[in-house]
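Undergrad: Data file query-v9.tsv (TSV, C-alpha atoms) is appended below.
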chain	number	residue	atom	x	y	z
A	1	MET	CA	-4.22	-6.93	-0.47
A	2	SER	CA	-0.83	-5.35	-0.40
A	3	PHE	CA	-0.04	-2.47	1.90
A	4	ILE	CA	1.89	0.46	0.48
A	5	ASN	CA	3.40	2.88	2.94
A	6	TYR	CA	4.73	6.05	1.31
A	7	ALA	CA	5.91	7.39	4.63
A	8	SER	CA	8.29	4.51	5.38
A	9	ARG	CA	8.64	3.64	1.65
A	10	GLU	CA	7.60	0.05	2.05
A	11	ILE	CA	5.44	-2.40	0.19
A	12	ASN	CA	4.10	-5.40	2.09
A	13	CYS	CA	2.60	-8.44	0.39
A	14	LYS	CA	1.07	-11.62	1.74
A	15	ILE	CA	1.77	-15.08	0.32
A	16	VAL	CA	-0.20	-18.09	1.53
A	17	TYR	CA	1.00	-21.70	1.22
A	18	TYR	CA	-2.03	-23.95	0.87
A	19	GLY	CA	-2.37	-27.72	0.53
A	20	PRO	CA	-3.49	-30.94	2.21
A	21	GLY	CA	-2.26	-32.06	5.62
A	22	LEU	CA	1.40	-33.13	5.79
A	23	CYS	CA	2.16	-31.98	2.23
A	24	GLY	CA	5.12	-29.88	3.40
A	25	LYS	CA	3.88	-26.29	3.68
A	26	THR	CA	5.60	-25.70	7.00
A	27	THR	CA	8.73	-27.48	5.72
A	28	ASN	CA	8.84	-25.02	2.79
A	29	LEU	CA	8.84	-22.09	5.22
A	30	GLN	CA	11.39	-23.73	7.49
A	31	PHE	CA	13.79	-24.18	4.59
A	32	VAL	CA	13.36	-20.56	3.49
A	33	TYR	CA	13.96	-19.50	7.07
A	34	GLN	CA	17.15	-21.59	7.40
A	35	LYS	CA	18.65	-20.37	4.16
A	36	THR	CA	17.86	-16.67	4.43
A	37	ALA	CA	20.42	-14.19	5.74
A	38	PRO	CA	19.53	-12.97	9.26
A	39	ASP	CA	19.11	-9.35	8.18
A	40	ALA	CA	16.54	-10.30	5.53
A	41	LYS	CA	14.20	-12.26	7.75
A	42	GLY	CA	12.21	-11.88	10.93
A	43	LYS	CA	11.32	-14.49	13.46
A	44	MET	CA	9.41	-17.50	12.22
A	45	ILE	CA	6.27	-18.12	14.20
A	46	SER	CA	4.59	-21.51	14.28
A	47	LEU	CA	1.27	-21.96	16.01
A	48	ALA	CA	1.35	-25.73	16.15
A	49	THR	CA	0.07	-28.55	18.32
A	50	GLU	CA	2.37	-30.58	20.57
A	51	THR	CA	2.81	-33.05	17.75
A	52	GLU	CA	3.98	-30.25	15.47
A	53	ARG	CA	0.90	-30.17	13.32
A	54	THR	CA	-0.01	-26.63	12.31
A	55	LEU	CA	-2.89	-25.45	14.47
A	56	PHE	CA	-3.46	-21.95	13.14
A	57	PHE	CA	-0.62	-20.76	10.93
A	58	ASP	CA	3.12	-20.41	10.43
A	59	PHE	CA	4.40	-16.96	9.70
A	60	LEU	CA	7.69	-15.79	8.22
A	61	PRO	CA	8.45	-12.18	7.26
A	62	LEU	CA	11.05	-11.69	4.51
A	63	SER	CA	12.66	-8.61	2.98
A	64	LEU	CA	13.61	-9.01	-0.64
A	65	GLY	CA	15.40	-5.73	-1.18
A	66	GLU	CA	14.48	-2.47	-2.83
A	67	ILE	CA	12.71	-1.59	-6.04
A	68	ARG	CA	12.85	2.07	-7.00
A	69	GLY	CA	13.51	3.09	-3.43
A	70	PHE	CA	10.70	1.00	-1.98
A	71	LYS	CA	11.52	-1.83	0.40
A	72	THR	CA	9.65	-4.96	-0.63
A	73	ARG	CA	8.55	-7.21	2.18
A	74	PHE	CA	6.79	-10.51	1.84
A	75	HIS	CA	4.85	-12.13	4.64
A	76	LEU	CA	4.72	-15.89	4.19
A	77	TYR	CA	1.87	-17.79	5.82
A	78	THR	CA	0.88	-21.44	5.83
A	79	VAL	CA	-2.59	-22.73	6.58
A	80	PRO	CA	-3.37	-25.79	8.72
A	81	GLY	CA	-3.85	-28.56	6.18
A	82	GLN	CA	-6.08	-30.91	8.10
A	83	VAL	CA	-9.64	-30.94	6.82
A	84	PHE	CA	-11.33	-29.97	10.09
A	85	TYR	CA	-9.40	-26.70	10.42
A	86	ASP	CA	-11.37	-25.09	7.61
A	87	ALA	CA	-12.54	-22.10	9.66
A	88	SER	CA	-8.92	-21.18	10.39
A	89	ARG	CA	-7.90	-21.59	6.75
A	90	LYS	CA	-10.51	-19.08	5.66
A	91	LEU	CA	-9.18	-16.49	8.09
A	92	ILE	CA	-5.62	-16.81	6.82
A	93	LEU	CA	-6.66	-16.23	3.22
A	94	LYS	CA	-7.91	-12.74	4.09
A	95	GLY	CA	-5.89	-10.13	2.28
A	96	VAL	CA	-3.83	-12.65	0.32
A	97	ASP	CA	-1.74	-11.38	-2.61
A	98	GLY	CA	-0.47	-14.69	-3.93
A	99	VAL	CA	-1.02	-18.40	-3.36
A	100	VAL	CA	1.29	-21.40	-3.52
A	101	PHE	CA	-0.51	-24.72	-3.67
A	102	VAL	CA	1.78	-27.41	-2.27
A	103	ALA	CA	0.74	-30.80	-3.59
A	104	ASP	CA	1.87	-34.10	-2.12
A	105	SER	CA	3.19	-36.15	-5.07
A	106	GLN	CA	2.44	-39.52	-3.47
A	107	GLU	CA	-0.21	-41.50	-5.27
A	108	GLU	CA	-2.23	-42.16	-2.12
A	109	ARG	CA	-2.52	-38.42	-1.50
A	110	ILE	CA	-4.01	-37.46	-4.85
A	111	ASP	CA	-7.56	-37.36	-3.50
A	112	ALA	CA	-6.43	-35.21	-0.58
A	113	ASN	CA	-4.73	-32.85	-3.07
A	114	ILE	CA	-7.86	-32.53	-5.18
A	115	GLU	CA	-10.04	-31.94	-2.14
A	116	SER	CA	-7.69	-29.30	-0.78
A	117	LEU	CA	-7.53	-27.52	-4.14
A	118	GLU	CA	-11.31	-27.39	-4.36
A	119	ASN	CA	-11.40	-26.13	-0.80
A	120	LEU	CA	-8.92	-23.38	-1.76
A	121	ARG	CA	-11.14	-22.23	-4.62
A	122	ILE	CA	-14.26	-22.19	-2.43
A	123	ASN	CA	-12.59	-20.38	0.46
A	124	LEU	CA	-11.09	-17.77	-1.85
A	125	LYS	CA	-14.44	-17.20	-3.46
A	126	GLU	CA	-16.01	-16.59	-0.07
A	127	GLN	CA	-13.49	-13.80	0.45
A	128	GLY	CA	-14.25	-12.33	-2.95
A	129	TYR	CA	-11.18	-13.68	-4.76
A	130	ASP	CA	-10.91	-15.73	-7.92
A	131	LEU	CA	-8.02	-18.19	-7.97
A	132	ASP	CA	-7.68	-17.73	-11.74
A	133	LYS	CA	-7.04	-14.03	-11.26
A	134	LEU	CA	-4.61	-14.28	-8.36
A	135	PRO	CA	-0.85	-14.79	-8.62
A	136	TYR	CA	-0.82	-18.54	-8.18
A	137	ILE	CA	1.84	-21.29	-8.35
A	138	VAL	CA	1.62	-25.07	-7.98
A	139	GLN	CA	4.42	-26.99	-6.32
A	140	TYR	CA	4.68	-30.79	-6.60
A	141	ASN	CA	6.42	-31.68	-3.37
A	142	LYS	CA	8.01	-34.93	-2.18
A	143	ARG	CA	9.42	-35.76	-5.61
A	144	ASP	CA	12.06	-37.91	-3.88
A	145	LEU	CA	9.57	-40.44	-2.51
A	146	PRO	CA	9.22	-43.80	-4.28
A	147	GLY	CA	5.41	-43.55	-4.49
A	148	ALA	CA	5.49	-40.22	-6.35
A	149	MET	CA	3.18	-39.87	-9.34
A	150	SER	CA	4.57	-38.52	-12.59
A	151	VAL	CA	4.48	-34.76	-13.10
A	152	GLU	CA	2.30	-35.26	-16.19
A	153	GLU	CA	-0.37	-37.04	-14.13
A	154	LEU	CA	-0.21	-34.48	-11.34
A	155	HIS	CA	-0.43	-31.67	-13.87
A	156	ARG	CA	-3.54	-33.22	-15.41
A	157	GLU	CA	-5.26	-33.54	-12.05
A	158	LEU	CA	-4.11	-30.40	-10.26
A	159	ASN	CA	-3.11	-27.78	-12.78
A	160	PRO	CA	-5.74	-27.61	-15.53
A	161	THR	CA	-5.25	-23.85	-15.88
A	162	ASN	CA	-1.53	-24.23	-16.62
A	163	VAL	CA	-0.13	-21.92	-13.98
A	164	PRO	CA	3.64	-22.06	-13.36
A	165	GLU	CA	4.53	-25.32	-11.60
A	166	PHE	CA	7.63	-26.57	-9.82
A	167	GLU	CA	8.93	-29.91	-8.63
A	168	ALA	CA	10.23	-29.84	-5.11
A	169	CYS	CA	11.61	-31.73	-2.18
A	170	ALA	CA	11.06	-29.33	0.70
A	171	THR	CA	13.14	-31.34	3.19
A	172	THR	CA	16.30	-30.88	1.07
A	173	GLY	CA	15.14	-27.51	-0.23
A	174	GLU	CA	14.98	-28.47	-3.89
A	175	GLY	CA	12.49	-26.23	-5.68
A	176	VAL	CA	11.62	-24.24	-2.56
A	177	PHE	CA	13.20	-20.94	-3.55
A	178	GLU	CA	12.22	-21.38	-7.19
A	179	THR	CA	8.59	-21.58	-6.04
A	180	LEU	CA	8.88	-18.58	-3.75
A	181	LYS	CA	10.59	-16.45	-6.39
A	182	ALA	CA	7.99	-17.33	-8.96
A	183	VAL	CA	5.05	-16.33	-6.80
A	184	ALA	CA	6.79	-13.15	-5.57
A	185	LYS	CA	7.48	-12.20	-9.16
A	186	LEU	CA	3.85	-12.73	-10.18
A	187	ILE	CA	2.72	-10.52	-7.28
A	188	LEU	CA	5.11	-7.74	-8.28
A	189	ILE	CA	3.94	-7.95	-11.89
A	190	ASP	CA	0.36	-7.62	-10.63
A	191	LEU	CA	1.33	-4.58	-8.57
A	192	LYS	CA	3.00	-3.09	-11.60
A	193	ARG	CA	-0.25	-3.38	-13.50
A	194	GLY	CA	-1.82	-1.51	-10.60
A	195	LYS	CA	-4.20	-4.26	-9.60
B	1	MET	CA	-11.99	-7.61	-4.62
B	2	SER	CA	-13.20	-7.45	-1.04
B	3	ASN	CA	-10.55	-5.03	0.17
B	4	PRO	CA	-8.63	-2.56	-1.95
B	5	THR	CA	-4.92	-2.07	-1.40
B	6	LEU	CA	-4.23	0.04	1.65
B	7	VAL	CA	-2.08	3.01	0.78
B	8	MET	CA	-0.56	5.20	3.45
B	9	TYR	CA	0.62	8.70	2.52
B	10	GLU	CA	3.08	10.87	4.38
B	11	GLU	CA	0.45	13.37	5.53
B	12	GLU	CA	-1.92	10.83	7.05
B	13	PHE	CA	0.98	8.85	8.49
B	14	GLN	CA	2.00	11.90	10.50
B	15	GLU	CA	-1.55	12.52	11.62
B	16	VAL	CA	-1.90	8.91	12.73
B	17	ASN	CA	1.38	9.09	14.65
B	18	GLU	CA	0.29	12.28	16.38
B	19	VAL	CA	-2.93	10.64	17.57
B	20	ILE	CA	-1.30	7.48	18.86
B	21	GLY	CA	1.59	9.48	20.35
B	22	ARG	CA	-0.91	11.52	22.33
B	23	LEU	CA	-2.79	8.38	23.33
B	24	LEU	CA	0.47	6.87	24.59
B	25	LYS	CA	0.90	9.79	27.01
B	26	GLU	CA	-2.72	10.20	28.03
B	27	ALA	CA	-3.28	6.50	28.67
B	28	ASN	CA	0.11	6.13	30.36
B	29	ALA	CA	0.81	3.19	28.05
B	30	LYS	CA	4.15	1.54	27.30
B	31	VAL	CA	3.72	1.04	23.63
B	32	ILE	CA	1.00	1.41	21.00
B	33	PHE	CA	0.74	-0.24	17.61
B	34	LEU	CA	-1.56	0.19	14.68
B	35	VAL	CA	-1.93	-2.96	12.62
B	36	ASP	CA	-3.75	-3.65	9.39
B	37	LYS	CA	-6.36	-6.42	9.69
B	38	ASN	CA	-4.22	-8.52	7.35
B	39	GLY	CA	-1.34	-8.48	9.80
B	40	GLN	CA	0.83	-5.68	8.50
B	41	LEU	CA	2.22	-3.14	10.92
B	42	ILE	CA	1.15	0.40	10.05
B	43	SER	CA	2.86	2.30	12.83
B	44	GLY	CA	4.05	2.08	16.42
B	45	VAL	CA	5.00	4.50	19.20
B	46	GLY	CA	6.63	4.10	22.61
B	47	GLU	CA	9.13	1.40	23.50
B	48	THR	CA	8.73	-0.29	20.12
B	49	GLU	CA	12.37	-1.42	19.90
B	50	ARG	CA	11.80	-3.85	22.77
B	51	PHE	CA	9.36	-5.88	20.72
B	52	ASP	CA	9.36	-8.00	17.61
B	53	THR	CA	6.85	-5.70	15.97
B	54	THR	CA	6.37	-7.76	12.81
B	55	SER	CA	5.44	-10.89	14.74
B	56	LEU	CA	3.30	-8.89	17.09
B	57	ALA	CA	1.36	-7.44	14.16
B	58	SER	CA	0.80	-10.81	12.54
B	59	LEU	CA	-0.33	-12.49	15.76
B	60	THR	CA	-2.63	-9.61	16.67
B	61	ALA	CA	-4.32	-9.85	13.28
B	62	GLY	CA	-4.61	-13.63	13.69
B	63	ASN	CA	-6.13	-13.08	17.11
B	64	ILE	CA	-8.67	-10.55	15.80
B	65	ALA	CA	-9.49	-12.84	12.87
B	66	ALA	CA	-10.04	-15.83	15.18
B	67	THR	CA	-12.23	-13.92	17.64
B	68	GLY	CA	-14.09	-12.40	14.66
B	69	GLY	CA	-14.80	-15.95	13.50
B	70	LEU	CA	-16.06	-16.81	16.98
B	71	ALA	CA	-18.28	-13.72	17.00
B	72	LYS	CA	-19.91	-14.74	13.74
B	73	LEU	CA	-20.55	-18.24	15.10
B	74	ILE	CA	-22.65	-16.79	17.91
B	75	GLY	CA	-24.37	-14.25	15.68
B	76	GLU	CA	-22.30	-11.17	16.53
B	77	LYS	CA	-20.76	-8.95	13.86
B	78	GLU	CA	-17.40	-8.79	15.62
B	79	PHE	CA	-15.91	-8.35	19.05
B	80	SER	CA	-14.57	-4.85	18.77
B	81	ILE	CA	-12.52	-4.92	21.97
B	82	LEU	CA	-10.23	-7.63	23.32
B	83	PHE	CA	-8.39	-7.45	26.61
B	84	HIS	CA	-5.55	-9.73	27.69
B	85	GLU	CA	-4.41	-9.51	31.27
B	86	GLY	CA	-0.92	-10.62	32.20
B	87	GLU	CA	1.04	-10.62	35.46
B	88	LYS	CA	2.78	-7.37	34.63
B	89	ASP	CA	1.70	-6.24	31.21
B	90	ASN	CA	-1.72	-6.12	29.63
B	91	LEU	CA	-2.93	-5.76	26.07
B	92	HIS	CA	-5.96	-3.76	25.02
B	93	ILE	CA	-6.85	-4.52	21.42
B	94	SER	CA	-9.61	-2.73	19.54
B	95	ILE	CA	-10.85	-2.41	15.99
B	96	VAL	CA	-10.83	1.07	14.48
B	97	ALA	CA	-12.88	2.10	11.46
B	98	GLY	CA	-13.68	-1.55	10.83
B	99	ARG	CA	-10.32	-2.25	9.27
B	100	VAL	CA	-7.34	-1.37	11.45
B	101	ILE	CA	-6.38	-2.72	14.85
B	102	LEU	CA	-5.21	-0.53	17.70
B	103	VAL	CA	-3.00	-2.34	20.21
B	104	VAL	CA	-2.21	-0.70	23.55
B	105	LEU	CA	0.28	-2.33	25.88
B	106	PHE	CA	0.22	-1.07	29.46
B	107	ASP	CA	1.28	-2.09	32.96
B	108	ASN	CA	0.15	-1.17	36.49
B	109	ARG	CA	1.11	2.46	35.99
B	110	SER	CA	-2.15	2.70	34.06
B	111	SER	CA	-5.52	0.99	34.35
B	112	LEU	CA	-8.01	-0.69	32.09
B	113	GLY	CA	-10.57	2.05	32.74
B	114	LEU	CA	-8.19	4.82	31.74
B	115	VAL	CA	-7.03	2.95	28.64
B	116	ARG	CA	-10.60	2.25	27.52
B	117	LEU	CA	-11.59	5.87	27.98
B	118	ARG	CA	-8.62	7.28	26.07
B	119	VAL	CA	-8.80	4.64	23.34
B	120	LYS	CA	-12.42	5.57	22.67
B	121	LYS	CA	-11.52	9.19	22.05
B	122	SER	CA	-8.51	8.37	19.89
B	123	SER	CA	-10.46	5.79	17.90
B	124	GLU	CA	-12.80	8.49	16.66
B	125	GLU	CA	-9.89	10.62	15.50
B	126	LEU	CA	-8.21	7.64	13.85
B	127	SER	CA	-11.45	6.64	12.14
B	128	SER	CA	-11.73	10.00	10.45
B	129	ILE	CA	-8.10	9.85	9.29
B	130	PHE	CA	-8.58	6.38	7.79
B	131	GLU	CA	-11.82	7.40	6.13
B	132	LYS	CA	-10.03	10.35	4.58
B	133	LEU	CA	-7.29	7.99	3.46
B	134	MET	CA	-9.71	5.58	1.82
B	135	LYS	CA	-11.45	8.43	-0.01
B	136	LYS	CA	-8.13	9.74	-1.22
B	137	SER	CA	-7.16	6.31	-2.58
B	138	GLU	CA	-10.53	5.87	-4.26
B	139	GLU	CA	-10.37	9.29	-5.89
B	140	ARG	CA	-6.89	8.66	-7.17
B	141	GLU	CA	-8.01	5.35	-8.54
B	142	LYS	CA	-11.01	6.91	-10.28
B	143	ARG	CA	-8.87	9.57	-11.85
B	144	GLY	CA	-6.60	6.76	-12.95
B	145	SER	CA	-3.66	8.80	-11.80
B	146	SER	CA	-0.72	6.58	-11.37
B	147	ASP	CA	1.47	7.94	-8.66
B	148	PHE	CA	1.86	4.32	-7.80
B	149	PRO	CA	5.55	3.58	-7.39
B	150	PHE	CA	5.34	0.24	-9.15
B	151	ALA	CA	3.71	1.42	-12.35
B	152	GLU	CA	7.03	2.21	-13.94
B	153	ILE	CA	9.11	-0.72	-12.82
B	154	THR	CA	10.52	-2.93	-15.50
B	155	ASP	CA	10.83	-6.69	-15.65
B	156	ASP	CA	14.55	-6.17	-15.10
B	157	ASP	CA	13.86	-4.39	-11.80
B	158	ILE	CA	11.91	-7.42	-10.66
B	159	ASP	CA	14.55	-9.87	-11.89
B	160	ASN	CA	17.29	-7.91	-10.13
B	161	LEU	CA	15.54	-8.47	-6.83
B	162	PHE	CA	16.17	-12.16	-7.17
B	163	SER	CA	19.67	-12.14	-8.56
Hey, can you dump this file as structure tokens for me?
TA:
Amino acid sequence: MSFINYASREINCKIVYYGPGLCGKTTNLQFVYQKTAPDAKGKMISLATETERTLFFDFLPLSLGEIRGFKTRFHLYTVPGQVFYDASRKLILKGVDGVVFVADSQEERIDANIESLENLRINLKEQGYDLDKLPYIVQYNKRDLPGAMSVEELHRELNPTNVPEFEACATTGEGVFETLKAVAKLILIDLKRGK
Amino acid sequence: MSNPTLVMYEEEFQEVNEVIGRLLKEANAKVIFLVDKNGQLISGVGETERFDTTSLASLTAGNIAATGGLAKLIGEKEFSILFHEGEKDNLHISIVAGRVILVVLFDNRSSLGLVRLRVKKSSEELSSIFEKLMKKSEEREKRGSSDFPFAEITDDDIDNLFS
């Protein structure tokens, strides 16, 4: 649910990075944070445990610039990936405008990817959303690791609806901005249609 | 979809600011914010420049969402008021009209009792403004009138944002 403020001429949208534990959601946000000019970003907030596992969410506000005199702002959130934090994940999906599913390309994580994707669908449905109708992107992360599955296999398992997909290595930043731009663009196209 | 897009128009924005501006004085508060339940800042009055308002909005919404989850677990609809007491500053957080969050920050120049009393009165005024706002949005949607700023943007406009 975007928020349009005619008084301050701003449009705010919410993007949620979803995916299994340790797939690199927080790393995606950290890279965006590091590479964004100071005037275009706010403070990044991480509610994490002492071992740096996400406990509630990470949050990063970004300004993309103006369209027709309206400032466009995107609020990036990650969810905690670990299975037992499901209650928190549901809360973060409230009011979402676009979703990035970050998949871990390693073969041993394929089951975790599938489980997380199913969990995403169920949790969205509980909030009244349909993943097939939302701006939605799949990112295959950790492409640099030796145990990475081929993109064709990952696509077959995780992207049956053929949404835009990107290969990434969030630690070096490869594919991170491509993913973000793609989801932001889909959200703006949705707004244009007046959804 | 569960929640339609929240649209804020100039007229209601001024009305909202008048109400929270008055509340700021009457409750002797330092700063007051109005935040959308999804974590977006709607407006703020008082010493707003001293705070990272965007982060504050997002964390407040997270806080309300988490306590709302707790409420449901014990069979409550929601906890409509939260109070955080600090050494110097305190936060009084309440839900208005079921969908926006009113955050009042105050120190020992005010008191919890005073804040609660004034917030209650202002909440009613804010509720009616937000109800009016929702009706306005719904009516516009029904009429299909597209004063929506994004209806006319082109693909090039969107591409330019990323160039």
Undergrad: Using all atoms listed in the file, find each residue in chain B having at least one atom no more than 9 Å away from chain A; report its shortest atom-to-atom pair and that distance in Å (one decimal), rows by chain then rising number, as JSON lines.
TA:
{"residue": "B:Met1", "atom": "CA", "partner": "A:Gly128", "partner_atom": "CA", "distance": 5.5}
{"residue": "B:Ser2", "atom": "CA", "partner": "A:Gly128", "partner_atom": "CA", "distance": 5.3}
{"residue": "B:Asn3", "atom": "CA", "partner": "A:Met1", "partner_atom": "CA", "distance": 6.6}
{"residue": "B:Pro4", "atom": "CA", "partner": "A:Met1", "partner_atom": "CA", "distance": 6.4}
{"residue": "B:Thr5", "atom": "CA", "partner": "A:Met1", "partner_atom": "CA", "distance": 5.0}
{"residue": "B:Leu6", "atom": "CA", "partner": "A:Phe3", "partner_atom": "CA", "distance": 4.9}
{"residue": "B:Val7", "atom": "CA", "partner": "A:Ile4", "partner_atom": "CA", "distance": 4.7}
{"residue": "B:Met8", "atom": "CA", "partner": "A:Asn5", "partner_atom": "CA", "distance": 4.6}
{"residue": "B:Tyr9", "atom": "CA", "partner": "A:Tyr6", "partner_atom": "CA", "distance": 5.0}
{"residue": "B:Glu10", "atom": "CA", "partner": "A:Ala7", "partner_atom": "CA", "distance": 4.5}
{"residue": "B:Glu11", "atom": "CA", "partner": "A:Ala7", "partner_atom": "CA", "distance": 8.1}
{"residue": "B:Glu12", "atom": "CA", "partner": "A:Ala7", "partner_atom": "CA", "distance": 8.9}
{"residue": "B:Phe13", "atom": "CA", "partner": "A:Ala7", "partner_atom": "CA", "distance": 6.4}
{"residue": "B:Gln14", "atom": "CA", "partner": "A:Ala7", "partner_atom": "CA", "distance": 8.4}
{"residue": "B:Asp36", "atom": "CA", "partner": "A:Phe3", "partner_atom": "CA", "distance": 8.4}
{"residue": "B:Lys37", "atom": "CA", "partner": "A:Gly95", "partner_atom": "CA", "distance": 8.3}
{"residue": "B:Asn38", "atom": "CA", "partner": "A:Gly95", "partner_atom": "CA", "distance": 5.6}
{"residue": "B:Gly39", "atom": "CA", "partner": "A:His75", "partner_atom": "CA", "distance": 8.8}
{"residue": "B:Gln40", "atom": "CA", "partner": "A:Asn12", "partner_atom": "CA", "distance": 7.2}
{"residue": "B:Ile42", "atom": "CA", "partner": "A:Asn5", "partner_atom": "CA", "distance": 7.9}
{"residue": "B:Asp52", "atom": "CA", "partner": "A:Lys43", "partner_atom": "CA", "distance": 7.9}
{"residue": "B:Thr54", "atom": "CA", "partner": "A:Gly42", "partner_atom": "CA", "distance": 7.4}
{"residue": "B:Ser55", "atom": "CA", "partner": "A:Lys43", "partner_atom": "CA", "distance": 7.0}
{"residue": "B:Ser58", "atom": "CA", "partner": "A:Phe59", "partner_atom": "CA", "distance": 7.7}
{"residue": "B:Leu59", "atom": "CA", "partner": "A:Ile45", "partner_atom": "CA", "distance": 8.8}
{"residue": "B:Gly62", "atom": "CA", "partner": "A:Ile92", "partner_atom": "CA", "distance": 7.6}
{"residue": "B:Ala65", "atom": "CA", "partner": "A:Leu91", "partner_atom": "CA", "distance": 6.0}
{"residue": "B:Ala66", "atom": "CA", "partner": "A:Leu91", "partner_atom": "CA", "distance": 7.2}
{"residue": "B:Gly69", "atom": "CA", "partner": "A:Ala87", "partner_atom": "CA", "distance": 7.6}
{"residue": "B:Ser146", "atom": "CA", "partner": "A:Gly194", "partner_atom": "CA", "distance": 8.2}
{"residue": "B:Phe148", "atom": "CA", "partner": "A:Gly194", "partner_atom": "CA", "distance": 7.4}
{"residue": "B:Pro149", "atom": "CA", "partner": "A:Arg68", "partner_atom": "CA", "distance": 7.5}
{"residue": "B:Phe150", "atom": "CA", "partner": "A:Lys192", "partner_atom": "CA", "distance": 4.8}
{"residue": "B:Ala151", "atom": "CA", "partner": "A:Lys192", "partner_atom": "CA", "distance": 4.6}
{"residue": "B:Glu152", "atom": "CA", "partner": "A:Lys192", "partner_atom": "CA", "distance": 7.1}
{"residue": "B:Ile153", "atom": "CA", "partner": "A:Lys192", "partner_atom": "CA", "distance": 6.7}
{"residue": "B:Thr154", "atom": "CA", "partner": "A:Lys192", "partner_atom": "CA", "distance": 8.5}
{"residue": "B:Asp155", "atom": "CA", "partner": "A:Ile189", "partner_atom": "CA", "distance": 7.9}
{"residue": "B:Asp157", "atom": "CA", "partner": "A:Ile67", "partner_atom": "CA", "distance": 6.5}
{"residue": "B:Ile158", "atom": "CA", "partner": "A:Lys185", "partner_atom": "CA", "distance": 6.7}
{"residue": "B:Asp159", "atom": "CA", "partner": "A:Lys185", "partner_atom": "CA", "distance": 7.9}
{"residue": "B:Asn160", "atom": "CA", "partner": "A:Ile67", "partner_atom": "CA", "distance": 8.8}
{"residue": "B:Leu161", "atom": "CA", "partner": "A:Gly65", "partner_atom": "CA", "distance": 6.3}
{"residue": "B:Phe162", "atom": "CA", "partner": "A:Lys181", "partner_atom": "CA", "distance": 7.1}
Undergrad: Which residue gives the smallest distance to Gly46 of chain B among B:Leu23, B:Glu124, B:Glu141, B:Gly68, with all atoms listed in the file counted?
TA: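 So, comparing all the options, the nearest one is B:Leu23.
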Undergrad: Might you pull out every residue within 8 Å of segment 134-147 of chain A, with all atoms listed in the file counted and same-chain residues fewer than 3 positions away left off, and present them as a ChimeraX atom specification?
TA: /A:23-24,97-107,129-131,151,154,159,163-170,179,182-183,186-187,190
Undergrad: Extract, using all atoms listed in the file, all DNA, RNA and protein residues at most 9 Å from Leu55 of chain A, discarding same-chain residues fewer than 6 positions from it, and format them as an mmCIF file with C-alpha atoms, keeping the file's coordinate frame.
TA:
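Here's the written file selection_4.cif:
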data_model
loop_
_atom_site.group_PDB
_atom_site.id
_atom_site.type_symbol
_atom_site.label_atom_id
_atom_site.label_comp_id
_atom_site.auth_asym_id
_atom_site.auth_seq_id
_atom_site.Cartn_x
_atom_site.Cartn_y
_atom_site.Cartn_z
ATOM 1 C CA SER A 46 4.590 -21.510 14.280
ATOM 2 C CA LEU A 47 1.270 -21.960 16.010
ATOM 3 C CA ALA A 48 1.350 -25.730 16.150
ATOM 4 C CA THR A 49 0.070 -28.550 18.320
ATOM 5 C CA VAL A 79 -2.590 -22.730 6.580
ATOM 6 C CA PRO A 80 -3.370 -25.790 8.720
ATOM 7 C CA GLY A 81 -3.850 -28.560 6.180
ATOM 8 C CA GLN A 82 -6.080 -30.910 8.100
ATOM 9 C CA TYR A 85 -9.400 -26.700 10.420
ATOM 10 C CA SER A 88 -8.920 -21.180 10.390
#
Undergrad: Dump as a list of chain:residue names all residues having an atom at most 9 Å from (5.4, -27.5, 6.3), computed in the file's coordinates with all atoms listed in the file.
TA: A:Tyr17, A:Gly21, A:Leu22, A:Cys23, A:Gly24, A:Lys25, A:Thr26, A:Thr27, A:Asn28, A:Leu29, A:Gln30, A:Arg53, A:Thr54, A:Asp58, A:Thr78, A:Ala170
Undergrad: Could you turn the residues from that selection into a file that holds C-alpha atoms, as a short mmCIF file (atom, residue, chain, number, x, y, z; two decimals), in the coordinates of the input?
TA:
data_model
loop_
_atom_site.label_atom_id
_atom_site.label_comp_id
_atom_site.auth_asym_id
_atom_site.auth_seq_id
_atom_site.Cartn_x
_atom_site.Cartn_y
_atom_site.Cartn_z
CA TYR A 17 1.00 -21.70 1.22
CA GLY A 21 -2.26 -32.06 5.62
CA LEU A 22 1.40 -33.13 5.79
CA CYS A 23 2.16 -31.98 2.23
CA GLY A 24 5.12 -29.88 3.40
CA LYS A 25 3.88 -26.29 3.68
CA THR A 26 5.60 -25.70 7.00
CA THR A 27 8.73 -27.48 5.72
CA ASN A 28 8.84 -25.02 2.79
CA LEU A 29 8.84 -22.09 5.22
CA GLN A 30 11.39 -23.73 7.49
CA ARG A 53 0.90 -30.17 13.32
CA THR A 54 -0.01 -26.63 12.31
CA ASP A 58 3.12 -20.41 10.43
CA THR A 78 0.88 -21.44 5.83
CA ALA A 170 11.06 -29.33 0.70
#
Undergrad: Considering all atoms listed in the file, return as number ranges by chain whatever protein or nucleic-acid residues lie within 7 Å of Asn113 of chain A, sequence-local ones (same chain, fewer than 3 positions apart) excluded.
TA: A: 19-20, 103-104, 109-110, 116-117
Undergrad: Go ahead and save the residues from that selection, with C-alpha atoms, as a short mmCIF file (atom, residue, chain, number, x, y, z; two decimals), keeping the file's coordinate frame.
TA:
data_model
loop_
_atom_site.label_atom_id
_atom_site.label_comp_id
_atom_site.auth_asym_id
_atom_site.auth_seq_id
_atom_site.Cartn_x
_atom_site.Cartn_y
_atom_site.Cartn_z
CA GLY A 19 -2.37 -27.72 0.53
CA PRO A 20 -3.49 -30.94 2.21
CA ALA A 103 0.74 -30.80 -3.59
CA ASP A 104 1.87 -34.10 -2.12
CA ARG A 109 -2.52 -38.42 -1.50
CA ILE A 110 -4.01 -37.46 -4.85
CA SER A 116 -7.69 -29.30 -0.78
CA LEU A 117 -7.53 -27.52 -4.14
#
